[in-house]
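Chemist: mmCIF, C-alpha atoms and all ligand atoms, saved as entry.cif, coming up:
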```
data_query
loop_
_atom_site.group_PDB
_atom_site.id
_atom_site.type_symbol
_atom_site.label_atom_id
_atom_site.label_comp_id
_atom_site.auth_asym_id
_atom_site.auth_seq_id
_atom_site.Cartn_x
_atom_site.Cartn_y
_atom_site.Cartn_z
ATOM 1 C CA MET X 499 18.548 9.835 -31.304
ATOM 2 C CA SER X 500 16.147 7.936 -33.586
ATOM 3 C CA GLU X 501 12.482 8.859 -33.379
ATOM 4 C CA ILE X 502 10.560 7.153 -30.604
ATOM 5 C CA VAL X 503 7.697 5.090 -31.980
ATOM 6 C CA ILE X 504 5.007 4.022 -29.537
ATOM 7 C CA PRO X 505 3.700 0.572 -30.621
ATOM 8 C CA HIS X 506 -0.075 0.271 -31.066
ATOM 9 C CA ASP X 507 -0.164 -2.830 -28.822
ATOM 10 C CA LEU X 508 1.350 -0.791 -26.015
ATOM 11 C CA ILE X 509 -1.233 1.977 -26.382
ATOM 12 C CA ASP X 510 -4.068 -0.572 -26.469
ATOM 13 C CA ALA X 511 -2.709 -2.245 -23.323
ATOM 14 C CA LEU X 512 -2.560 1.073 -21.469
ATOM 15 C CA ARG X 513 -6.007 2.137 -22.620
ATOM 16 C CA GLY X 514 -7.538 -1.180 -21.629
ATOM 17 C CA ALA X 515 -5.692 -1.576 -18.318
ATOM 18 C CA LYS X 516 -7.755 -1.938 -15.158
ATOM 19 C CA SER X 517 -4.765 -1.210 -12.993
ATOM 20 C CA VAL X 518 -1.537 0.627 -13.830
ATOM 21 C CA VAL X 519 1.603 0.826 -11.696
ATOM 22 C CA VAL X 520 4.513 3.148 -12.458
ATOM 23 C CA LEU X 521 7.921 2.838 -10.797
ATOM 24 C CA THR X 522 10.140 5.893 -11.176
ATOM 25 C CA GLY X 523 13.788 6.581 -10.451
ATOM 26 C CA ALA X 524 16.236 9.442 -10.612
ATOM 27 C CA GLY X 525 16.229 9.535 -14.450
ATOM 28 C CA VAL X 526 12.753 11.091 -14.379
ATOM 29 C CA SER X 527 14.171 14.175 -12.642
ATOM 30 C CA ALA X 528 17.339 14.390 -14.765
ATOM 31 C CA GLU X 529 15.670 16.759 -17.216
ATOM 32 C CA SER X 530 14.773 19.017 -14.266
ATOM 33 C CA GLY X 531 18.501 19.425 -13.602
ATOM 34 C CA VAL X 532 18.634 17.008 -10.642
ATOM 35 C CA PRO X 533 21.634 14.686 -11.171
ATOM 36 C CA THR X 534 20.812 10.978 -11.125
ATOM 37 C CA PHE X 535 22.078 9.061 -8.105
ATOM 38 C CA ARG X 536 24.791 7.172 -9.966
ATOM 39 C CA ASP X 537 25.869 10.049 -12.212
ATOM 40 C CA ALA X 538 29.147 11.661 -11.353
ATOM 41 C CA GLN X 539 28.590 14.159 -8.558
ATOM 42 C CA THR X 540 29.234 17.758 -9.484
ATOM 43 C CA GLY X 541 31.270 20.591 -7.982
ATOM 44 C CA LEU X 542 32.384 20.172 -4.405
ATOM 45 C CA TRP X 543 30.913 16.687 -4.209
ATOM 46 C CA ALA X 544 32.580 15.279 -7.331
ATOM 47 C CA LYS X 545 35.152 13.360 -5.307
ATOM 48 C CA PHE X 546 32.638 11.452 -3.172
ATOM 49 C CA ASP X 547 30.861 8.213 -4.066
ATOM 50 C CA PRO X 548 27.145 8.729 -3.315
ATOM 51 C CA GLN X 549 26.829 5.039 -2.378
ATOM 52 C CA GLU X 550 29.274 5.691 0.445
ATOM 53 C CA LEU X 551 27.485 8.793 1.744
ATOM 54 C CA ALA X 552 23.963 7.315 1.869
ATOM 55 C CA THR X 553 24.526 5.064 4.899
ATOM 56 C CA ARG X 554 24.119 5.243 8.685
ATOM 57 C CA GLU X 555 27.808 4.455 9.042
ATOM 58 C CA ALA X 556 28.793 7.478 6.926
ATOM 59 C CA PHE X 557 26.559 9.707 9.072
ATOM 60 C CA GLU X 558 28.030 8.285 12.286
ATOM 61 C CA ARG X 559 31.570 8.837 10.970
ATOM 62 C CA ASN X 560 30.990 12.345 9.656
ATOM 63 C CA PRO X 561 27.518 13.761 10.421
ATOM 64 C CA LYS X 562 28.418 17.289 9.328
ATOM 65 C CA MET X 563 29.612 16.183 5.898
ATOM 66 C CA VAL X 564 26.574 13.974 5.220
ATOM 67 C CA TRP X 565 24.201 16.711 6.479
ATOM 68 C CA GLU X 566 25.881 19.247 4.162
ATOM 69 C CA TRP X 567 25.598 16.871 1.186
ATOM 70 C CA TYR X 568 21.859 16.617 1.802
ATOM 71 C CA ALA X 569 21.541 20.392 2.411
ATOM 72 C CA TYR X 570 23.172 20.961 -0.986
ATOM 73 C CA ARG X 571 20.806 18.496 -2.691
ATOM 74 C CA ARG X 572 17.767 19.830 -0.793
ATOM 75 C CA GLU X 573 18.446 23.283 -2.157
ATOM 76 C CA LEU X 574 19.012 21.932 -5.666
ATOM 77 C CA THR X 575 15.720 20.012 -5.668
ATOM 78 C CA ALA X 576 13.809 22.941 -4.117
ATOM 79 C CA ARG X 577 14.974 25.143 -6.989
ATOM 80 C CA ALA X 578 14.203 22.510 -9.665
ATOM 81 C CA GLU X 579 10.884 22.470 -11.528
ATOM 82 C CA PRO X 580 8.951 19.371 -12.604
ATOM 83 C CA ASN X 581 9.551 18.513 -16.270
ATOM 84 C CA ALA X 582 7.325 17.203 -19.078
ATOM 85 C CA GLY X 583 7.809 13.607 -17.866
ATOM 86 C CA HIS X 584 6.463 14.431 -14.373
ATOM 87 C CA TYR X 585 3.464 16.260 -15.867
ATOM 88 C CA ALA X 586 2.718 13.420 -18.294
ATOM 89 C CA LEU X 587 2.586 10.986 -15.359
ATOM 90 C CA ALA X 588 0.203 13.264 -13.461
ATOM 91 C CA GLU X 589 -2.044 13.327 -16.536
ATOM 92 C CA LEU X 590 -1.837 9.543 -16.928
ATOM 93 C CA GLU X 591 -3.045 9.194 -13.333
ATOM 94 C CA GLY X 592 -6.167 11.148 -14.302
ATOM 95 C CA ARG X 593 -6.813 8.859 -17.275
ATOM 96 C CA ALA X 594 -6.295 5.429 -15.659
ATOM 97 C CA SER X 595 -8.958 3.883 -13.443
ATOM 98 C CA ASN X 596 -6.596 2.490 -10.832
ATOM 99 C CA PHE X 597 -3.185 4.120 -10.864
ATOM 100 C CA THR X 598 -0.299 3.839 -8.403
ATOM 101 C CA LEU X 599 2.922 5.805 -8.739
ATOM 102 C CA VAL X 600 5.731 4.173 -6.793
ATOM 103 C CA THR X 601 8.757 6.426 -6.636
ATOM 104 C CA GLN X 602 12.281 5.920 -5.396
ATOM 105 C CA ASN X 603 12.822 9.653 -5.763
ATOM 106 C CA ILE X 604 13.147 11.835 -2.702
ATOM 107 C CA ASP X 605 12.824 15.189 -4.477
ATOM 108 C CA GLY X 606 9.046 15.793 -4.251
ATOM 109 C CA LEU X 607 8.807 16.741 -7.964
ATOM 110 C CA HIS X 608 6.003 14.256 -8.746
ATOM 111 C CA GLN X 609 3.783 15.850 -6.095
ATOM 112 C CA ARG X 610 4.591 19.303 -7.433
ATOM 113 C CA ALA X 611 3.544 18.140 -10.927
ATOM 114 C CA GLY X 612 0.175 16.991 -9.548
ATOM 115 C CA SER X 613 0.632 13.252 -8.915
ATOM 116 C CA ARG X 614 -1.514 12.165 -5.979
ATOM 117 C CA ASN X 615 -1.774 8.400 -5.541
ATOM 118 C CA MET X 616 1.893 7.994 -4.703
ATOM 119 C CA LEU X 617 4.135 5.801 -2.609
ATOM 120 C CA GLU X 618 7.527 7.230 -1.692
ATOM 121 C CA LEU X 619 9.743 4.196 -1.078
ATOM 122 C CA HIS X 620 12.952 6.026 -0.153
ATOM 123 C CA GLY X 621 11.504 8.943 1.843
ATOM 124 C CA ASN X 622 11.663 12.651 1.099
ATOM 125 C CA ILE X 623 14.631 14.996 1.326
ATOM 126 C CA HIS X 624 12.382 17.884 2.402
ATOM 127 C CA ARG X 625 11.565 16.150 5.708
ATOM 128 C CA ASN X 626 13.859 15.433 8.646
ATOM 129 C CA LYS X 627 13.858 12.951 11.495
ATOM 130 C CA CYS X 628 15.731 12.160 14.675
ATOM 131 C CA PHE X 629 18.767 9.932 14.054
ATOM 132 C CA GLN X 630 18.275 8.190 17.398
ATOM 133 C CA GLU X 631 14.510 7.863 17.804
ATOM 134 C CA ASP X 632 13.484 7.776 14.130
ATOM 135 C CA VAL X 633 10.556 10.208 14.641
ATOM 136 C CA ARG X 634 9.798 12.981 12.161
ATOM 137 C CA ILE X 635 10.819 16.450 13.354
ATOM 138 C CA SER X 636 9.657 19.578 11.579
ATOM 139 C CA ARG X 637 10.796 22.327 14.015
ATOM 140 C CA TRP X 638 13.988 22.806 15.943
ATOM 141 C CA ILE X 639 16.065 25.601 17.367
ATOM 142 C CA ASP X 640 18.676 26.732 14.892
ATOM 143 C CA SER X 641 21.843 27.177 16.935
ATOM 144 C CA GLY X 642 23.985 27.193 13.809
ATOM 145 C CA GLU X 643 25.284 23.706 14.620
ATOM 146 C CA GLU X 644 25.251 21.196 11.745
ATOM 147 C CA PRO X 645 23.493 18.830 11.843
ATOM 148 C CA PRO X 646 20.945 20.530 14.093
ATOM 149 C CA ARG X 647 19.876 18.768 17.295
ATOM 150 C CA CYS X 648 16.595 16.957 17.955
ATOM 151 C CA PRO X 649 14.445 19.122 20.285
ATOM 152 C CA ARG X 650 13.217 15.937 22.073
ATOM 153 C CA CYS X 651 16.425 14.024 22.811
ATOM 154 C CA ASN X 652 19.308 16.251 21.660
ATOM 155 C CA SER X 653 20.559 13.629 19.218
ATOM 156 C CA TYR X 654 21.342 14.735 15.648
ATOM 157 C CA LEU X 655 18.664 15.322 13.047
ATOM 158 C CA ARG X 656 19.033 13.609 9.680
ATOM 159 C CA PRO X 657 17.090 13.660 6.390
ATOM 160 C CA ASP X 658 13.994 11.424 6.320
ATOM 161 C CA VAL X 659 15.339 9.226 3.524
ATOM 162 C CA VAL X 660 16.157 5.516 3.369
ATOM 163 C CA TRP X 661 19.853 4.727 3.414
ATOM 164 C CA PHE X 662 21.515 1.463 2.343
ATOM 165 C CA GLY X 663 20.988 -1.247 4.942
ATOM 166 C CA GLU X 664 17.824 0.435 6.303
ATOM 167 C CA MET X 665 14.290 -0.908 6.031
ATOM 168 C CA LEU X 666 11.908 0.772 3.614
ATOM 169 C CA PRO X 667 8.693 2.221 5.106
ATOM 170 C CA PRO X 668 6.665 -0.996 5.621
ATOM 171 C CA VAL X 669 3.210 0.329 4.704
ATOM 172 C CA GLU X 670 4.437 1.853 1.426
ATOM 173 C CA LEU X 671 6.488 -1.248 0.602
ATOM 174 C CA ASP X 672 3.550 -3.634 1.204
ATOM 175 C CA GLU X 673 1.282 -1.439 -0.861
ATOM 176 C CA ALA X 674 3.848 -1.309 -3.712
ATOM 177 C CA PHE X 675 4.192 -5.118 -3.761
ATOM 178 C CA ARG X 676 0.416 -5.558 -3.686
ATOM 179 C CA ALA X 677 -0.014 -3.076 -6.557
ATOM 180 C CA ALA X 678 2.718 -4.845 -8.603
ATOM 181 C CA VAL X 679 1.013 -8.215 -8.083
ATOM 182 C CA GLU X 680 -2.414 -6.890 -9.089
ATOM 183 C CA CYS X 681 -1.629 -4.565 -12.015
ATOM 184 C CA ASP X 682 -2.015 -5.396 -15.686
ATOM 185 C CA VAL X 683 0.389 -2.728 -16.945
ATOM 186 C CA PHE X 684 3.623 -1.776 -15.166
ATOM 187 C CA LEU X 685 5.914 1.052 -16.316
ATOM 188 C CA SER X 686 9.493 1.302 -15.082
ATOM 189 C CA ILE X 687 10.867 4.759 -15.855
ATOM 190 C CA GLY X 688 14.300 6.283 -15.303
ATOM 191 C CA THR X 689 15.703 3.735 -12.889
ATOM 192 C CA SER X 690 18.890 1.696 -13.179
ATOM 193 C CA GLY X 691 17.051 -1.165 -11.442
ATOM 194 C CA VAL X 692 19.963 -2.121 -9.222
ATOM 195 C CA VAL X 693 18.619 -1.185 -5.787
ATOM 196 C CA GLU X 694 16.479 -3.726 -3.965
ATOM 197 C CA PRO X 695 13.709 -4.202 -3.074
ATOM 198 C CA ALA X 696 12.348 -1.655 -5.622
ATOM 199 C CA ALA X 697 14.224 -3.402 -8.460
ATOM 200 C CA SER X 698 12.123 -6.562 -7.951
ATOM 201 C CA LEU X 699 8.768 -4.849 -8.522
ATOM 202 C CA PRO X 700 8.703 -5.023 -12.361
ATOM 203 C CA PHE X 701 9.814 -8.671 -12.251
ATOM 204 C CA ILE X 702 6.977 -9.508 -9.855
ATOM 205 C CA ALA X 703 4.534 -7.790 -12.221
ATOM 206 C CA LEU X 704 5.981 -9.786 -15.163
ATOM 207 C CA GLN X 705 5.647 -13.074 -13.262
ATOM 208 C CA LYS X 706 1.997 -12.259 -12.574
ATOM 209 C CA GLY X 707 1.361 -11.714 -16.289
ATOM 210 C CA ALA X 708 1.449 -7.912 -16.504
ATOM 211 C CA ILE X 709 2.727 -6.047 -19.539
ATOM 212 C CA VAL X 710 5.939 -4.303 -18.498
ATOM 213 C CA ILE X 711 7.156 -1.175 -20.278
ATOM 214 C CA GLU X 712 10.594 0.291 -19.668
ATOM 215 C CA VAL X 713 11.443 3.935 -20.443
ATOM 216 C CA ASN X 714 15.155 4.652 -20.198
ATOM 217 C CA PRO X 715 17.779 5.848 -22.696
ATOM 218 C CA ASP X 716 20.163 3.164 -21.400
ATOM 219 C CA ALA X 717 19.756 -0.586 -20.967
ATOM 220 C CA THR X 718 19.149 -1.978 -17.474
ATOM 221 C CA PRO X 719 18.776 -5.490 -15.998
ATOM 222 C CA LEU X 720 15.066 -5.215 -16.896
ATOM 223 C CA SER X 721 15.532 -4.313 -20.572
ATOM 224 C CA ASN X 722 15.619 -7.822 -22.044
ATOM 225 C CA ALA X 723 12.717 -9.054 -19.943
ATOM 226 C CA ALA X 724 10.400 -6.071 -20.481
ATOM 227 C CA THR X 725 7.494 -6.489 -22.903
ATOM 228 C CA PHE X 726 8.244 -3.103 -24.481
ATOM 229 C CA ARG X 727 11.339 -0.923 -24.228
ATOM 230 C CA LEU X 728 11.166 2.766 -25.134
ATOM 231 C CA ALA X 729 14.793 3.878 -25.294
ATOM 232 C CA GLY X 730 14.682 7.618 -24.719
ATOM 233 C CA PRO X 731 14.454 10.290 -22.045
ATOM 234 C CA SER X 732 11.222 10.302 -20.062
ATOM 235 C CA GLY X 733 10.651 14.031 -20.712
ATOM 236 C CA LEU X 734 10.321 13.168 -24.390
ATOM 237 C CA VAL X 735 8.832 9.666 -24.289
ATOM 238 C CA MET X 736 6.173 10.125 -21.599
ATOM 239 C CA PRO X 737 4.354 13.115 -23.193
ATOM 240 C CA LYS X 738 4.313 11.173 -26.504
ATOM 241 C CA LEU X 739 2.944 8.107 -24.800
ATOM 242 C CA VAL X 740 0.218 10.047 -22.969
ATOM 243 C CA GLU X 741 -0.647 11.904 -26.164
ATOM 244 C CA ALA X 742 -1.051 8.552 -27.936
ATOM 245 C CA VAL X 743 -3.304 7.263 -25.135
ATOM 246 C CA ARG X 744 -5.374 10.493 -25.368
ATOM 247 C CA HIS X 745 -6.091 10.220 -29.122
ATOM 248 C CA LYS X 746 -5.397 7.029 -30.920
HETATM 249 C C1 LIG N 1 16.988 8.437 -17.527
HETATM 250 C C2 LIG N 1 17.159 9.753 -17.962
HETATM 251 C C3 LIG N 1 16.040 10.378 -18.558
HETATM 252 C C4 LIG N 1 19.005 9.096 -17.048
HETATM 253 N N1 LIG N 1 14.902 9.700 -18.685
HETATM 254 N N2 LIG N 1 15.852 7.782 -17.682
HETATM 255 C C5 LIG N 1 19.118 -8.040 -2.399
HETATM 256 C C6 LIG N 1 20.218 -8.295 -3.178
HETATM 257 C C7 LIG N 1 21.346 -7.493 -3.100
HETATM 258 C C8 LIG N 1 21.406 -6.402 -2.228
HETATM 259 C C9 LIG N 1 20.300 -6.139 -1.479
HETATM 260 C C10 LIG N 1 19.178 -6.944 -1.565
HETATM 261 N N3 LIG N 1 18.239 -6.457 -0.695
HETATM 262 C C11 LIG N 1 18.752 -5.373 -0.097
HETATM 263 C C12 LIG N 1 20.006 -5.166 -0.539
HETATM 264 C C13 LIG N 1 20.911 -4.087 -0.112
HETATM 265 C C14 LIG N 1 20.601 -2.764 -0.767
HETATM 266 C C15 LIG N 1 20.803 -2.870 -2.275
HETATM 267 O O1 LIG N 1 19.879 -2.977 -3.043
HETATM 268 N N4 LIG N 1 22.038 -2.780 -2.712
HETATM 269 C C16 LIG N 1 22.366 -2.861 -4.139
HETATM 270 C C17 LIG N 1 23.050 -1.550 -4.566
HETATM 271 C C18 LIG N 1 23.204 -4.069 -4.367
HETATM 272 N N5 LIG N 1 19.262 -2.321 -0.433
HETATM 273 C C19 LIG N 1 19.003 -1.741 0.730
HETATM 274 O O2 LIG N 1 19.870 -1.601 1.571
HETATM 275 C C20 LIG N 1 17.585 -1.277 0.982
HETATM 276 N N6 LIG N 1 17.148 -1.756 2.248
HETATM 277 C C21 LIG N 1 16.731 -2.997 2.439
HETATM 278 O O3 LIG N 1 16.571 -3.781 1.527
HETATM 279 O O4 LIG N 1 16.507 -3.300 3.768
HETATM 280 C C22 LIG N 1 16.470 -4.674 4.137
HETATM 281 C C23 LIG N 1 17.879 -5.241 4.016
HETATM 282 C C24 LIG N 1 18.959 -4.517 4.454
HETATM 283 C C25 LIG N 1 20.244 -5.043 4.350
HETATM 284 C C26 LIG N 1 20.444 -6.298 3.749
HETATM 285 C C27 LIG N 1 19.327 -7.009 3.294
HETATM 286 C C28 LIG N 1 18.034 -6.483 3.446
HETATM 287 C C29 LIG N 1 17.542 0.239 1.069
HETATM 288 C C30 LIG N 1 17.816 0.898 -0.238
HETATM 289 C C31 LIG N 1 17.804 2.412 -0.032
HETATM 290 C C32 LIG N 1 18.260 3.144 -1.281
HETATM 291 N N7 LIG N 1 18.475 4.506 -0.950
HETATM 292 C C33 LIG N 1 18.981 5.411 -1.973
HETATM 293 C C34 LIG N 1 19.412 6.734 -1.311
HETATM 294 C C35 LIG N 1 18.202 7.589 -0.934
HETATM 295 C C36 LIG N 1 18.617 8.892 -0.368
HETATM 296 C C37 LIG N 1 19.457 9.714 -1.314
HETATM 297 O O5 LIG N 1 19.078 9.974 -2.483
HETATM 298 O O6 LIG N 1 20.535 10.120 -0.893
HETATM 299 O O7 LIG N 1 17.950 5.637 -2.964
HETATM 300 S S1 LIG N 1 20.317 4.728 -2.952
HETATM 301 C C38 LIG N 1 19.803 5.424 -4.471
HETATM 302 O O8 LIG N 1 19.483 4.387 -5.414
HETATM 303 C C39 LIG N 1 18.519 6.196 -4.182
HETATM 304 C C40 LIG N 1 17.682 5.843 -5.372
HETATM 305 O O9 LIG N 1 16.308 5.998 -5.074
HETATM 306 C C41 LIG N 1 18.077 4.412 -5.645
HETATM 307 C C42 LIG N 1 17.784 3.950 -7.039
HETATM 308 O O10 LIG N 1 18.530 4.694 -7.960
HETATM 309 P P1 LIG N 1 17.831 5.134 -9.323
HETATM 310 O O11 LIG N 1 16.688 6.004 -9.030
HETATM 311 O O12 LIG N 1 17.599 3.947 -10.157
HETATM 312 O O13 LIG N 1 18.975 6.104 -9.953
HETATM 313 P P2 LIG N 1 20.270 5.706 -10.763
HETATM 314 O O14 LIG N 1 21.156 6.894 -10.707
HETATM 315 O O15 LIG N 1 20.835 4.417 -10.335
HETATM 316 O O16 LIG N 1 19.751 5.460 -12.261
HETATM 317 C C43 LIG N 1 19.211 6.486 -13.046
HETATM 318 C C44 LIG N 1 18.681 5.868 -14.326
HETATM 319 O O17 LIG N 1 18.034 6.897 -15.060
HETATM 320 C C45 LIG N 1 19.756 5.281 -15.236
HETATM 321 O O18 LIG N 1 19.327 3.985 -15.644
HETATM 322 C C46 LIG N 1 19.769 6.234 -16.429
HETATM 323 O O19 LIG N 1 20.037 5.573 -17.661
HETATM 324 C C47 LIG N 1 18.364 6.754 -16.420
HETATM 325 N N8 LIG N 1 18.175 8.082 -17.036
HETATM 326 N N9 LIG N 1 18.426 10.179 -17.696
HETATM 327 C C48 LIG N 1 14.835 8.429 -18.287
HETATM 328 N N10 LIG N 1 16.112 11.679 -19.004
#
```
Taking this structure as input, can you express it in the form of structure tokens?
Ligand code: BJW

Modeler:
Amino acid sequence: MSEIVIPHDLIDALRGAKSVVVLTGAGVSAESGVPTFRDAQTGLWAKFDPQELATREAFERNPKMVWEWYAYRRELTARAEPNAGHYALAELEGRASNFTLVTQNIDGLHQRAGSRNMLELHGNIHRNKCFQEDVRISRWIDSGEEPPRCPRCNSYLRPDVVWFGEMLPPVELDEAFRAAVECDVFLSIGTSGVVEPAASLPFIALQKGAIVIEVNPDATPLSNAATFRLAGPSGLVMPKLVEAVRHK
């Protein structure tokens, strides 16, 4: 990989920004050993398409299989540690006057790295809710059945994540759109940019005149439109970028 050079104009924009928004995706956790969503699944799950497991219909058809897929990923993310990219973002939050981290990730690694002003658009794998009533449930009786049953209505429990065809949490979504409209610098990091409505956020920021920076080793639908593209892994690029903002 060629050396990543951070342009001076980009550093100046970040240092002068009154409001910074960062959108993250699964690529940010790749260097923590969490597979990205669209990467080939590993081991037992290699033969399943994740896009066909992350739906209400899949859960209705085979609740035990979908629950076990999430149990496997919950354990994987619980064992993972935040990487240099997560820590760089937590530091950037401390340096920017008005900073919003919008994440599509459900793994909780940003929080563990110290990020605070965060919006989780697709939920969190470490929480559960009732499939029927959609209320969060944190305790239940473990009868050994999988999925476990809701202690209120006896329906199945499911992970508190957003599946295809489901609405995103409205408060977080509104706040993310408002932040994208108002920011002067927007970073899109480690996301393929194919899942709506999150994929629209950098384009809204661009339309409103923000500087948009993409960090991703691979090209995405945003790459040609972005003001700056840093083609490399976030665990390498983000510490460099924050270092450059720290001392110019
Ligand atoms: C690195 C790296 C390194 C690797 N460093 N980078 C408008 C048009 C068309 C369709 C729709 C639309 N509006 C809504 C839809 C339908 C649908 C949708 O968008 N479908 C598209 C796939 C076509 N959206 C929805 O259904 C959403 N709901 C909704 O809009 O409700 C209203 C509505 C419903 C129905 C119809 C119309 C309106 C809900 C979306 C929920 C997404 N949920 C998931 C699963 C969460 C739980 C789980 O994990 O199991 O969220 S899907 C999955 O994709 C997950 C992710 O958060 C999300 C985004 O993926 P992400 O993070 O970008 O990961 P990858 O794997 O795609 O990419 C990784 C990237 O990292 C790559 O680019 C790598 O290069 C890069 N990378 N290493 C930096 N080291």

Chemist: Measure the distance from atom CA of X:Pro561 to atom C37 of ligand LIG 1 (chain N) in Å and round it to one decimal.

Modeler: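 Interatomic distance, atom CA of X:Pro561 to atom C37 of ligand LIG 1 (chain N): 14.8 Å.
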
Chemist: Translate the PyMOL selection byres (((chain X and resi 665) around 12) and not hetatm), as applied to the file shown, into an explicit residue set as a list of chain:residue names.

Modeler: X:Thr553, X:Arg554, X:Leu619, X:His620, X:Gly621, X:Asp632, X:Val659, X:Val660, X:Trp661, X:Phe662, X:Gly663, X:Glu664, X:Leu666, X:Pro667, X:Pro668, X:Val669, X:Glu670, X:Leu671, X:Glu694, X:Pro695, X:Ala696

Chemist: Can I get the residues of chain X within 8 Å of ligand LIG 1 (chain N), each with the closest pair of atoms and their distance in Å to one decimal, using only C-alpha atoms and all ligand atoms, sorted chain first then ascending number, as a Markdown table?

Modeler:
```
| residue | atom | partner | partner_atom | distance |
| --- | --- | --- | --- | --- |
| X:Thr522 | CA | N:LIG1 | O11 | 6.9 |
| X:Gly523 | CA | N:LIG1 | O11 | 3.3 |
| X:Ala524 | CA | N:LIG1 | O11 | 3.8 |
| X:Gly525 | CA | N:LIG1 | O17 | 3.3 |
| X:Val526 | CA | N:LIG1 | N1 | 5.0 |
| X:Ser527 | CA | N:LIG1 | N10 | 7.1 |
| X:Ala528 | CA | N:LIG1 | N10 | 5.2 |
| X:Glu529 | CA | N:LIG1 | N10 | 5.4 |
| X:Pro533 | CA | N:LIG1 | O14 | 7.8 |
| X:Thr534 | CA | N:LIG1 | O14 | 4.1 |
| X:Phe535 | CA | N:LIG1 | O14 | 3.5 |
| X:Arg536 | CA | N:LIG1 | O14 | 3.7 |
| X:Asp537 | CA | N:LIG1 | O14 | 5.9 |
| X:Pro548 | CA | N:LIG1 | O6 | 7.2 |
| X:Gln549 | CA | N:LIG1 | S1 | 6.5 |
| X:Leu551 | CA | N:LIG1 | O6 | 7.6 |
| X:Ala552 | CA | N:LIG1 | O6 | 5.2 |
| X:Tyr568 | CA | N:LIG1 | O6 | 7.2 |
| X:Thr601 | CA | N:LIG1 | O9 | 7.7 |
| X:Gln602 | CA | N:LIG1 | O9 | 4.0 |
| X:Asn603 | CA | N:LIG1 | O9 | 5.1 |
| X:Ile604 | CA | N:LIG1 | O5 | 6.2 |
| X:Leu619 | CA | N:LIG1 | O9 | 7.9 |
| X:His620 | CA | N:LIG1 | C35 | 5.5 |
| X:Gly621 | CA | N:LIG1 | C35 | 7.4 |
| X:Ile623 | CA | N:LIG1 | C36 | 7.5 |
| X:Val659 | CA | N:LIG1 | C36 | 5.1 |
| X:Val660 | CA | N:LIG1 | C31 | 4.9 |
| X:Trp661 | CA | N:LIG1 | N7 | 4.6 |
| X:Phe662 | CA | N:LIG1 | O2 | 3.6 |
| X:Gly663 | CA | N:LIG1 | O2 | 3.6 |
| X:Glu664 | CA | N:LIG1 | N6 | 4.7 |
| X:Met665 | CA | N:LIG1 | O4 | 4.0 |
| X:Leu666 | CA | N:LIG1 | N6 | 6.0 |
| X:Ile687 | CA | N:LIG1 | C48 | 5.9 |
| X:Gly688 | CA | N:LIG1 | N2 | 3.2 |
| X:Thr689 | CA | N:LIG1 | O12 | 3.3 |
| X:Ser690 | CA | N:LIG1 | O18 | 3.4 |
| X:Gly691 | CA | N:LIG1 | O12 | 5.3 |
| X:Val692 | CA | N:LIG1 | C17 | 5.6 |
| X:Val693 | CA | N:LIG1 | O1 | 3.5 |
| X:Glu694 | CA | N:LIG1 | O1 | 3.6 |
| X:Pro695 | CA | N:LIG1 | O3 | 5.4 |
| X:Ala696 | CA | N:LIG1 | C42 | 7.9 |
| X:Ala697 | CA | N:LIG1 | O1 | 7.8 |
| X:Val713 | CA | N:LIG1 | C48 | 6.0 |
| X:Asn714 | CA | N:LIG1 | N2 | 4.1 |
| X:Pro715 | CA | N:LIG1 | O19 | 5.5 |
| X:Asp716 | CA | N:LIG1 | O19 | 4.4 |
| X:Ala717 | CA | N:LIG1 | O19 | 7.0 |
| X:Thr718 | CA | N:LIG1 | O18 | 6.2 |
| X:Gly730 | CA | N:LIG1 | N1 | 6.4 |
| X:Pro731 | CA | N:LIG1 | N1 | 3.4 |
| X:Ser732 | CA | N:LIG1 | N1 | 4.0 |
| X:Gly733 | CA | N:LIG1 | N10 | 6.2 |
```

Chemist: Give me, please, the distance in Å between atom CA of X:Gly531 and atom CA of X:Gly606, quoted to one decimal.

Modeler: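 Separation between atom CA of X:Gly531 and atom CA of X:Gly606: 13.8 Å.
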
Chemist: So what does the PyMOL selection byres (((chain X and resi 511) around 12) and not hetatm) actually pick up in this one, as a PyMOL selection string?

Modeler: chain X and resi 504-510+512-518+594+681-685+708-711+725-726+739+742-743

Chemist: Those selected residues, please, written with C-alpha atoms and delivered as a short mmCIF file (atom, residue, chain, number, x, y, z; two decimals), keeping the file's coordinate frame.

Modeler:
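out07.cif was written with the following content:
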```
data_model
loop_
_atom_site.label_atom_id
_atom_site.label_comp_id
_atom_site.auth_asym_id
_atom_site.auth_seq_id
_atom_site.Cartn_x
_atom_site.Cartn_y
_atom_site.Cartn_z
CA ILE X 504 5.01 4.02 -29.54
CA PRO X 505 3.70 0.57 -30.62
CA HIS X 506 -0.08 0.27 -31.07
CA ASP X 507 -0.16 -2.83 -28.82
CA LEU X 508 1.35 -0.79 -26.02
CA ILE X 509 -1.23 1.98 -26.38
CA ASP X 510 -4.07 -0.57 -26.47
CA LEU X 512 -2.56 1.07 -21.47
CA ARG X 513 -6.01 2.14 -22.62
CA GLY X 514 -7.54 -1.18 -21.63
CA ALA X 515 -5.69 -1.58 -18.32
CA LYS X 516 -7.76 -1.94 -15.16
CA SER X 517 -4.76 -1.21 -12.99
CA VAL X 518 -1.54 0.63 -13.83
CA ALA X 594 -6.30 5.43 -15.66
CA CYS X 681 -1.63 -4.57 -12.02
CA ASP X 682 -2.02 -5.40 -15.69
CA VAL X 683 0.39 -2.73 -16.94
CA PHE X 684 3.62 -1.78 -15.17
CA LEU X 685 5.91 1.05 -16.32
CA ALA X 708 1.45 -7.91 -16.50
CA ILE X 709 2.73 -6.05 -19.54
CA VAL X 710 5.94 -4.30 -18.50
CA ILE X 711 7.16 -1.18 -20.28
CA THR X 725 7.49 -6.49 -22.90
CA PHE X 726 8.24 -3.10 -24.48
CA LEU X 739 2.94 8.11 -24.80
CA ALA X 742 -1.05 8.55 -27.94
CA VAL X 743 -3.30 7.26 -25.14
#
```
